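Everything below concerns the one structure shown next.
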Amino acid sequence: MTLHRLLQFIGWPVVAGLLIALISLLLFPQLRPTLQSPTALDTLPAVSSPASYSEAVSRAAPAVVNIYTTKIVQRRYQSNPLYRHLLDKANTPQRVRMQSTLGSGVIVDSQGHILTNNHIIQDADEILVLLSDGRETSAELVGVDTETDLAVLKISLPSLSAITLGDPTRARVGDVVLAIGNPYGVGQSVSQGIVSATGRYGLGTSSYENFIQTDAAINPGNSGGALIDAYGNLLGISTAVLDETGASIGIGFAIPADSAMKSLQSIIIHGKVVRGSLGLSGRVHPLREEYITRNKLEVTHALLVEVIEAQGPAHSAGIKPGDLITHFNQRPIGSDGRQALNLISDTPPGTTVSVTLMRGEAQLDVDAIIGVREPGSTRT
């Protein structure tokens, strides 16, 4: 078979196939291929994350320390009752044994101040601090803030690495965070997670709750350690997990770094945390819609004053039971008592503040001089 005849033999079927395909497309347009339009996923911004958080850990880890405490515990002799009676009668000294607890802490300045949890060092007779570079030293207890479960320690060593402070107010749900501490005493460890929630309260762990919630593992020994952002900046002091066994189940809490630093600075200056008070008790209530409309209010909640402390700041300012406080220093009271309490307690005693209130249908602005809130007080 010649080349010409071979091409003729092959060509006719090819031409026929093309003709059939063309006729099919004309008769059945739904068979035509279509270009896909961009999907919703194509329009989303690209999310980039580092392949490693080693740089963040390298920045923060030298400032995270292990804390060991010892406590002397009196124990009676375990012996024959007759001998025990004779020993007790002879006033024989009792044996002692040492109980140790462990936790973590964070160096926050070059002077050697360390933030940790109060429950770690409570009633300790000796506090030992182990640095990440292997150095070990005893620590001095500067002061505690029992209302936030914080304690401030101080060590005296050269060349200390202080952590860089972050801004917890800018933390967003979904941000990557890392927890650094000493879980179960195995040594410094890092766990990774995200910010699960902010402003958590109502857990009953302290008077001033404003926790950062995270699913980064916070196990026993992590308490007092650092919760950092993806760049190595301190966001909070790890403090608790939501589980009766104490093991991490993905619901951990950290005290925001800004709140912790306020406590630290007050303890360094005054030896204790000094908070402000108006000297009153009350509850935040929602306002009725018709009341808001009639009085042209821009708020939906107010603090209903129930009790006034005699000769206290509120009493001296002329505030009375039944008044509705809507603003404190031009800032709305907010929709819950926690926000109102924080607004007042964060104001230094001796500061003159403006209080806006409703007394019946009349709006009043009064000045009050903030007093000192006693620890554990139920007064705002």
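Naming works like this for the structure tokens: A, B, ... for the chains as they're shown, residue 1 at the start of each chain, ligands 1 onward in shown order.
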Just the strand (DSSP E or B) stuff from segment 153-219 of chain A, please, per backbone DSSP, written as a ChimeraX atom specification. /A:153-154,164-165,176-181,189-200,211-214
Write the residues of the selection above to a file with C-alpha atoms, as an mmCIF file, in the first residue's frame.
data_model
loop_
_atom_site.group_PDB
_atom_site.id
_atom_site.type_symbol
_atom_site.label_atom_id
_atom_site.label_comp_id
_atom_site.auth_asym_id
_atom_site.auth_seq_id
_atom_site.Cartn_x
_atom_site.Cartn_y
_atom_site.Cartn_z
ATOM 1 C CA LEU A 153 9.215 37.264 93.425
ATOM 2 C CA LYS A 154 12.680 38.756 93.088
ATOM 3 C CA THR A 164 9.031 41.292 75.986
ATOM 4 C CA LEU A 165 5.527 42.432 76.936
ATOM 5 C CA VAL A 176 -1.776 31.398 67.627
ATOM 6 C CA VAL A 177 -0.358 31.255 71.169
ATOM 7 C CA LEU A 178 2.318 29.196 72.885
ATOM 8 C CA ALA A 179 2.416 28.116 76.535
ATOM 9 C CA ILE A 180 5.862 27.757 78.101
ATOM 10 C CA GLY A 181 6.326 26.178 81.506
ATOM 11 C CA SER A 189 8.263 22.567 77.592
ATOM 12 C CA VAL A 190 6.255 24.384 74.938
ATOM 13 C CA SER A 191 2.692 23.672 73.807
ATOM 14 C CA GLN A 192 0.881 25.379 70.949
ATOM 15 C CA GLY A 193 -2.733 26.410 70.486
ATOM 16 C CA ILE A 194 -4.947 29.373 69.732
ATOM 17 C CA VAL A 195 -6.814 32.041 71.669
ATOM 18 C CA SER A 196 -10.178 30.376 72.287
ATOM 19 C CA ALA A 197 -11.854 33.378 73.966
ATOM 20 C CA THR A 198 -11.051 36.624 75.732
ATOM 21 C CA GLY A 199 -12.578 38.312 78.770
ATOM 22 C CA ARG A 200 -13.627 35.054 80.435
ATOM 23 C CA PHE A 211 -8.979 35.533 81.499
ATOM 24 C CA ILE A 212 -7.587 34.701 78.100
ATOM 25 C CA GLN A 213 -8.881 31.218 77.261
ATOM 26 C CA THR A 214 -6.675 28.921 75.190
#
Quick one: of A:Leu157, A:Ile218, A:Val355, A:Ser132, who's nearest to Gln111 of chain A, counting only C-alpha atoms?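 Of all the options, A:Leu157 lies closest to Gln111 of chain A.
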Mind checking which residues fall within 9 Å of segment 59-69 of chain A, counting only C-alpha atoms, ignoring those fewer than 4 positions away in the same chain, and posting them as an MDAnalysis selection string? chainID A and resid 54:55 99:108 114 116 120:121 124:133 160:164 180:182 185 187:188 190 221 224:226 228 231:234
Of A:Val366, A:Val284, A:Leu324, A:Leu141, the one nearest to Ile268 of chain A when counting only C-alpha atoms is A:Leu141
So, with only C-alpha atoms as the atoms that count, which of A:Val73, A:Ser238, A:Val353, A:Gln339 lies closest to Asp123 of chain A? A:Val73
Could you tell me how far atom CA of Ile267 of chain A lies from atom CA of Val142 of chain A, in Å and to one decimal?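 Between atom CA of Ile267 of chain A and atom CA of Val142 of chain A the gap is 7.2 Å.
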Test item: residues at most 9 Å from Ile255 of chain A, only C-alpha atoms, excluding those fewer than 5 positions along its chain, as a ChimeraX atom specification: /A:148,150,209-212,235-239,260
Limited to C-alpha atoms, could you put the picked residues into a file as a short mmCIF file (atom, residue, chain, number, x, y, z; two decimals), in the first residue's frame?
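File out-v6.cif, as written:
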data_model
loop_
_atom_site.label_atom_id
_atom_site.label_comp_id
_atom_site.auth_asym_id
_atom_site.auth_seq_id
_atom_site.Cartn_x
_atom_site.Cartn_y
_atom_site.Cartn_z
CA THR A 148 -6.01 37.67 91.09
CA LEU A 150 -0.64 36.49 91.46
CA GLU A 209 -11.44 37.56 86.41
CA ASN A 210 -10.66 38.63 82.88
CA PHE A 211 -8.98 35.53 81.50
CA ILE A 212 -7.59 34.70 78.10
CA LEU A 235 0.19 37.86 76.51
CA GLY A 236 -0.62 36.30 79.86
CA ILE A 237 0.37 34.29 82.92
CA SER A 238 -0.97 30.74 82.72
CA THR A 239 -3.04 30.08 85.81
CA ALA A 260 -0.61 41.24 85.88
#
Ranking A:Pro50, A:Arg379, A:Asp346, A:Gln122 by minimum distance to Ser259 of chain A and counting only C-alpha atoms, which one comes first?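 Between A:Pro50, A:Arg379, A:Asp346, A:Gln122, the residue approaching Ser259 of chain A most closely is A:Asp346.
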